[in-house]
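Colleague: I'd like to ask you about the structure that follows.
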Amino acid sequence: MLNVLLVTHYSLSFTSVWLWVITLTFVATIVATYFYYRRTNPMLTRGFRIALGVLRGLALAALFFVFAEPLLVVEDSESKPATVAILVDNSTSMARNRHSTEQFAQIENIVAGIQSKLPAGSEVIRYAFADTLTRNGVIDGSFPVTAIGNVLNSLDKELAESNLQGVILLSDGASNLGANPVTEARSLGVPVTTIGFGDPNPLPDIKISQINCNPIGFVGKDFPMEIIIESRGFENLRLPIRIRQGERILVQSDIDLEGQGRQQKVALSFAPSKEGDVILEASAPIQANEESEKNNSKQVSVKIRASQIRILLAGSSLNWDFKFIHRALAAKQDFKIDQCITSPQRITGTIPFPENVDALAAYDALILLDFDSDWLADHKQTLDAFFERTGKGMFFLAGEHFGARPKTRLPADILPYQPVKTSITVVHQETNLQLTERGRIHPLMRLAEDGATTQRLLNALPPFAGFLRVENLRPEATVIGIVPGAATPDQSIPIMAAQRYRNGKVAMLSAFPLWRLDFLAKSINESDSTYNKMLDNLVLWLVAREDVERITITPERPIFIAGESVRLNARVLDESYIPIDNAEVEASLRSRQNPADSMVVSFRFDRPGNYSADLHYLPSGEYEVKGTVKREGVAIGRPLSSFIVEPYSLEDLSQTANFDALKRISEVSGGQFYAVADTASITQFSGLAPKTFTSRSEMTLFDNKFLLIFIILMLCTEWYLRKRYQLL
């Protein structure tokens, strides 16, 4: 590559590999042009001959530019001052925590003292944050969540063009939403100095930490509930633990608190009197001087049915997965299980698979274990009629048997995806289930109050022994879980997905065997509650009948914690249950406690038939959603739904500062941790200095259409003049 122009900010180079040949040819043609126009017949004036030569020379020079492939490089340098970002936690735990309220009131003085220690000439940018960044935002401690990880990730993008050399984070460290702050601090690439507010030593507190119960109960039958109490500082205090429905106390039992941060279980039960969706609240009386008074109660949504759920558990053979799933389901009084084994040998206690839709429709849900594609193809007509008529659901566990058989007969639409048609369909490699963003909020995986906790519970389970390589993911399918480790979403391998199918729905798991999650967990004395919760969610999702309606608006779940984003999902299908992609969906949101407090919510289009809206920072209370769905200006449906926002927020769960998290953030990023009282000793910013940034841009000059027009214009002008003066 030859540089012929080198100036401070510009350089021109020719990149053609035939540059010397092109140059010699160009010189030769220029010399030939000179001799050609040196004498002409008829003889022309010297000025006219020079003009003709210039026209041809310009055309040849332009051709030389085309073939020599010139490249113009522009470089620019800019000196930028060192930038320091000051992030101030603007959440309620900072402003209302009895440990940090006084410190928070002095936040402006604290920030000013820190700024005075920064080198002169440094650019200081202040942000207030909760779950998002607000530049120069008002610091009033009014936000009910803290997402330090999300904020650090956003800061990296926000100041991508700046000379960011340090971050000062003022917080109590109580990050309760979003990405892992330690991971994000490590990837930020600059030191994060953390200033700890509050006190890491907890105050006395009583907390309802968990409610364990079946999501489905039955009228007139005992409904057991397990309440988990966590307490500190109230040792040997005797309290009643109550279950309420509205203002009515359904049952209560006294407990002697152990304190010292220990968890205690309280078993309560009652007999529901009528069917329907009910909200139950477990509560403990509030005591004086508690760290938080808002975590003394917790709510759960329960569906009360008139009779038991009938489940058909069918498998191609009597294997460990079949035995373990049957044992887990049969242990629940909510379910009545019929077993079907299709092997040639007759197995006691099993029934044949129903051969007609009337017999199949008697079941509320189907669970099929590792049938091959031929069996599914043979029974597809019956299954299609089952989904079409009943709108019910099916779960299919695909294992080695399914992956090892030919896939030529299996229609592609009944399952969310298909195994690849190769000899290496089955992959014997241990893997966990990594949830996708949609999987973290899907009802099938609602194992905890937030997706991050759900993922931690799944990671604690023993791994699967293998999975199937798949293809033909259906566009309408929701991928719930993938094999961990994919560089991009396009390279990920789904191992769990769900989809609507005709009027019903199908979920599929293609990692195996499922029994390891239960058996191995018990072998190391781990709780099997995660495994049982997964089965509860599965059956509840399969039997949920609201999905049959063509036009619905439903919240992700019936109860939210204050501060969480509330997502409303709308489904719009026509009379033939075909998704509609041109609907207009909006809803009126009204608080039952404050009817005058209402708002209109507009839904965005996600994919054909599916629309959604996100609501942020709703006050606690019960909310009614009245939707209006239009198509081409005409109302086609007015769906209704409701949800509850609990009276406490994520910030209310604890008022104890997490200094360990702040120290870890500083450690992995190369910064330091200071308590508020120690900010006078901050010294680590003395090394900040301006930095010169060089930007480089390249411009190709040979593929320009104007260059071609110029060549044609020069040659045509020369040809016209030569013809006019009889030189042709």
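Residue numbers start at 1 in each chain; chains themselves are named A, B, ... in the order of the structure tokens; ligands are numbered from 1 in the order shown.
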Could you pull out all residues of segment 281-384 of chain A with a DSSP call of helix (DSSP H, G or I) and give them as a PyMOL selection string?
Modeller: chain A and resi 320-330+357-360+373-378+380-384
Colleague: Keeping only C-alpha atoms, take the residues you just selected and write them out as a CSV table (one decimal), in the first residue's frame.
Modeller:
```csv
chain,number,residue,atom,x,y,z
A,320,TRP,CA,-37.2,-43.8,36.6
A,321,ASP,CA,-38.7,-40.6,35.2
A,322,PHE,CA,-42.2,-42.2,35.2
A,323,LYS,CA,-41.8,-43.5,38.7
A,324,PHE,CA,-40.5,-40.2,40.2
A,325,ILE,CA,-43.1,-38.0,38.5
A,326,HIS,CA,-45.9,-40.3,39.5
A,327,ARG,CA,-44.7,-40.4,43.1
A,328,ALA,CA,-44.5,-36.6,43.3
A,329,LEU,CA,-47.9,-36.1,41.8
A,330,ALA,CA,-49.6,-38.9,43.7
A,357,VAL,CA,-61.2,-37.6,22.1
A,358,ASP,CA,-64.2,-38.2,24.4
A,359,ALA,CA,-62.2,-40.4,26.7
A,360,LEU,CA,-59.2,-38.1,26.5
A,373,SER,CA,-42.1,-39.5,16.9
A,374,ASP,CA,-44.0,-42.4,15.3
A,375,TRP,CA,-46.3,-42.7,18.3
A,376,LEU,CA,-47.0,-39.0,18.4
A,377,ALA,CA,-47.8,-39.0,14.7
A,378,ASP,CA,-50.2,-42.0,15.1
A,380,LYS,CA,-51.9,-36.6,16.5
A,381,GLN,CA,-55.5,-36.6,15.2
A,382,THR,CA,-56.8,-37.5,18.7
A,383,LEU,CA,-54.5,-35.0,20.4
A,384,ASP,CA,-55.5,-32.3,17.9
```
Colleague: If we count only C-alpha atoms and set the cut-off at 10 Å, which residues sit around Arg557 of chain A, ignoring sequence neighbours fewer than 5 positions away in its own chain? Please answer as a list in words.
Modeller: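 So, after excluding close chain neighbours, the residues are Ser301, Ile441, His442, Pro443, Arg446, Val566, Arg567, Leu568, Ser642, Phe643 and Ile644 of chain A.
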Colleague: Write out the residues from the selection above, keeping N, CA and C atoms, as a tab-separated table (two decimals), in the first residue's frame.
Modeller:
```
chain	number	residue	atom	x	y	z
A	301	SER	N	-51.82	-16.11	46.17
A	301	SER	CA	-53.04	-16.33	45.39
A	301	SER	C	-53.27	-17.83	45.24
A	441	ILE	N	-39.90	-15.03	33.89
A	441	ILE	CA	-41.22	-14.54	34.32
A	441	ILE	C	-42.34	-15.47	33.89
A	442	HIS	N	-42.00	-16.60	33.27
A	442	HIS	CA	-43.04	-17.52	32.80
A	442	HIS	C	-43.65	-18.25	34.00
A	443	PRO	N	-44.98	-18.47	34.00
A	443	PRO	CA	-45.62	-19.16	35.13
A	443	PRO	C	-45.02	-20.53	35.43
A	446	ARG	N	-42.08	-19.98	37.95
A	446	ARG	CA	-42.28	-19.02	39.04
A	446	ARG	C	-41.99	-19.71	40.36
A	566	VAL	N	-44.95	-4.16	36.82
A	566	VAL	CA	-46.13	-5.00	36.58
A	566	VAL	C	-46.31	-5.12	35.08
A	567	ARG	N	-46.20	-6.33	34.57
A	567	ARG	CA	-46.41	-6.53	33.13
A	567	ARG	C	-47.80	-7.10	32.89
A	568	LEU	N	-48.53	-6.46	31.99
A	568	LEU	CA	-49.82	-6.95	31.54
A	568	LEU	C	-49.66	-7.52	30.14
A	642	SER	N	-57.52	-8.38	37.09
A	642	SER	CA	-57.17	-7.65	38.32
A	642	SER	C	-55.86	-8.19	38.86
A	643	PHE	N	-55.23	-7.41	39.72
A	643	PHE	CA	-54.02	-7.85	40.40
A	643	PHE	C	-53.86	-7.04	41.68
A	644	ILE	N	-52.92	-7.46	42.50
A	644	ILE	CA	-52.68	-6.81	43.79
A	644	ILE	C	-51.22	-6.39	43.88
```
Colleague: Atom CA of Phe14 of chain A and atom CA of Leu52 of chain A, how far apart in Å?
Modeller: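 Calculated distance between atom CA of Leu52 of chain A and atom CA of Phe14 of chain A is 27.6 Å.
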Colleague: For Ser269 of chain A, which residue out of A:Ile553, A:Leu435, A:Val111, A:Ile243 is the nearest one, using only C-alpha atoms?
Modeller: A:Ile243
Colleague: Skip Tyr37 of chain A itself and residues of its chain fewer than 4 positions away, then list as a PyMOL selection string all residues within 8 Å of it, counting only C-alpha atoms.
Modeller: chain A and resi 33+49-50+52-53
Colleague: Nearest to Thr29 of chain A among A:Val17, A:Leu44, A:Ala179, A:Ala59, with distances taken over only C-alpha atoms: which residue is it?
Modeller: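 Checking each candidate against Thr29 of chain A, we get A:Ala59 as the closest.
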Colleague: Could you give me, as a Markdown table, a per-residue list for segment 48-106 of chain A showing, wherever an atom lies at most 10 Å from an atom of segment 153-176 of chain A, the closest pair of atoms and their distance in Å to one decimal, using only C-alpha atoms and sorting by chain then residue number from low to high?
Modeller:
```
| residue | atom | partner | partner_atom | distance |
| --- | --- | --- | --- | --- |
| A:Ser79 | CA | A:Asn163 | CA | 9.2 |
| A:Lys80 | CA | A:Asn163 | CA | 6.1 |
| A:Pro81 | CA | A:Asn163 | CA | 6.5 |
| A:Ala82 | CA | A:Asn163 | CA | 5.3 |
| A:Thr83 | CA | A:Leu164 | CA | 4.5 |
| A:Val84 | CA | A:Gly166 | CA | 4.9 |
| A:Ala85 | CA | A:Val167 | CA | 4.8 |
| A:Ile86 | CA | A:Ile168 | CA | 4.7 |
| A:Leu87 | CA | A:Leu169 | CA | 4.8 |
| A:Val88 | CA | A:Leu170 | CA | 4.9 |
| A:Asp89 | CA | A:Ser171 | CA | 5.0 |
| A:Asn90 | CA | A:Ser171 | CA | 8.4 |
| A:Ser91 | CA | A:Ser171 | CA | 8.9 |
| A:Ser93 | CA | A:Asp172 | CA | 7.7 |
| A:Met94 | CA | A:Asp172 | CA | 6.6 |
| A:Asn97 | CA | A:Asp172 | CA | 9.7 |
| A:His99 | CA | A:Asp172 | CA | 9.8 |
| A:Ser100 | CA | A:Asp172 | CA | 8.1 |
| A:Phe104 | CA | A:Ser171 | CA | 9.7 |
```
Colleague: So which residues touch Val251 of chain A within 12 Å, counting only C-alpha atoms, skipping near sequence neighbours fewer than 2 positions away, as a list of chain:residue names?
Modeller: A:Asp222, A:Phe223, A:Pro224, A:Met225, A:Pro240, A:Ile241, A:Arg242, A:Ile243, A:Arg244, A:Gln245, A:Arg248, A:Ile249, A:Ser253, A:Asp254, A:Val266, A:Ala267, A:Leu268, A:Ser269, A:Phe270, A:Ala271, A:Pro272, A:Leu280, A:Glu281, A:Ala282, A:Ser283
Colleague: Identify all residues of segment 28-276 of chain A in strand (DSSP E) (DSSP on the backbone) and supply them as a PyMOL selection string.
Modeller: chain A and resi 70-80+83-89+123-129+133-135+164-171+192-196+205-213+216-218+223-232+238-245+248-256+263-270+276
Colleague: What is the distance between atom CA of Phe396 of chain A and atom CA of Leu366 of chain A, in Å to one decimal?
Modeller: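 Atom CA of Leu366 of chain A lies at a distance of 8.4 Å from atom CA of Phe396 of chain A.
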Colleague: In Å, with one decimal, what is the gap from atom CA of Phe64 of chain A to atom CA of Arg46 of chain A?
Modeller: 26.3 Å
Colleague: List the spatial neighbours of Asn459 of chain A as a ChimeraX atom specification - criterion: any atom at most 10 Å away, only C-alpha atoms, same-chain residues fewer than 6 positions off excluded.
Modeller: /A:431-434,453
Colleague: Would you kindly return, as a PyMOL selection string, each protein, DNA or RNA residue with an atom no farther than 6 Å from any atom of Val625 of chain A, considering only C-alpha atoms and excluding same-chain residues fewer than 3 positions away?
Modeller: chain A and resi 588-589+640-642
Colleague: My list of candidates is A:Ile304, A:Ala62, A:Val190, A:Val645. Which is closest to Arg592 of chain A when distances are computed with only C-alpha atoms?
Modeller: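 The shortest atom-to-atom distance to Arg592 of chain A comes from A:Val645.
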Colleague: Let me make sure I understand: among A:Lys663, A:Arg607, A:Arg135, A:Lys274, which one has the smallest atom-to-atom distance to Pro181 of chain A if we use only C-alpha atoms?
Modeller: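 Closest to Pro181 of chain A of all the choices is A:Lys663.
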Colleague: Which residues are near segment 208-212 of chain A? Cut-off 9 Å, only C-alpha atoms, ignore same chain within fewer than 3 positions. Put them as a VMD selection string.
Modeller: chain A and resid 224 to 231 263 282 to 284 295 to 300 653
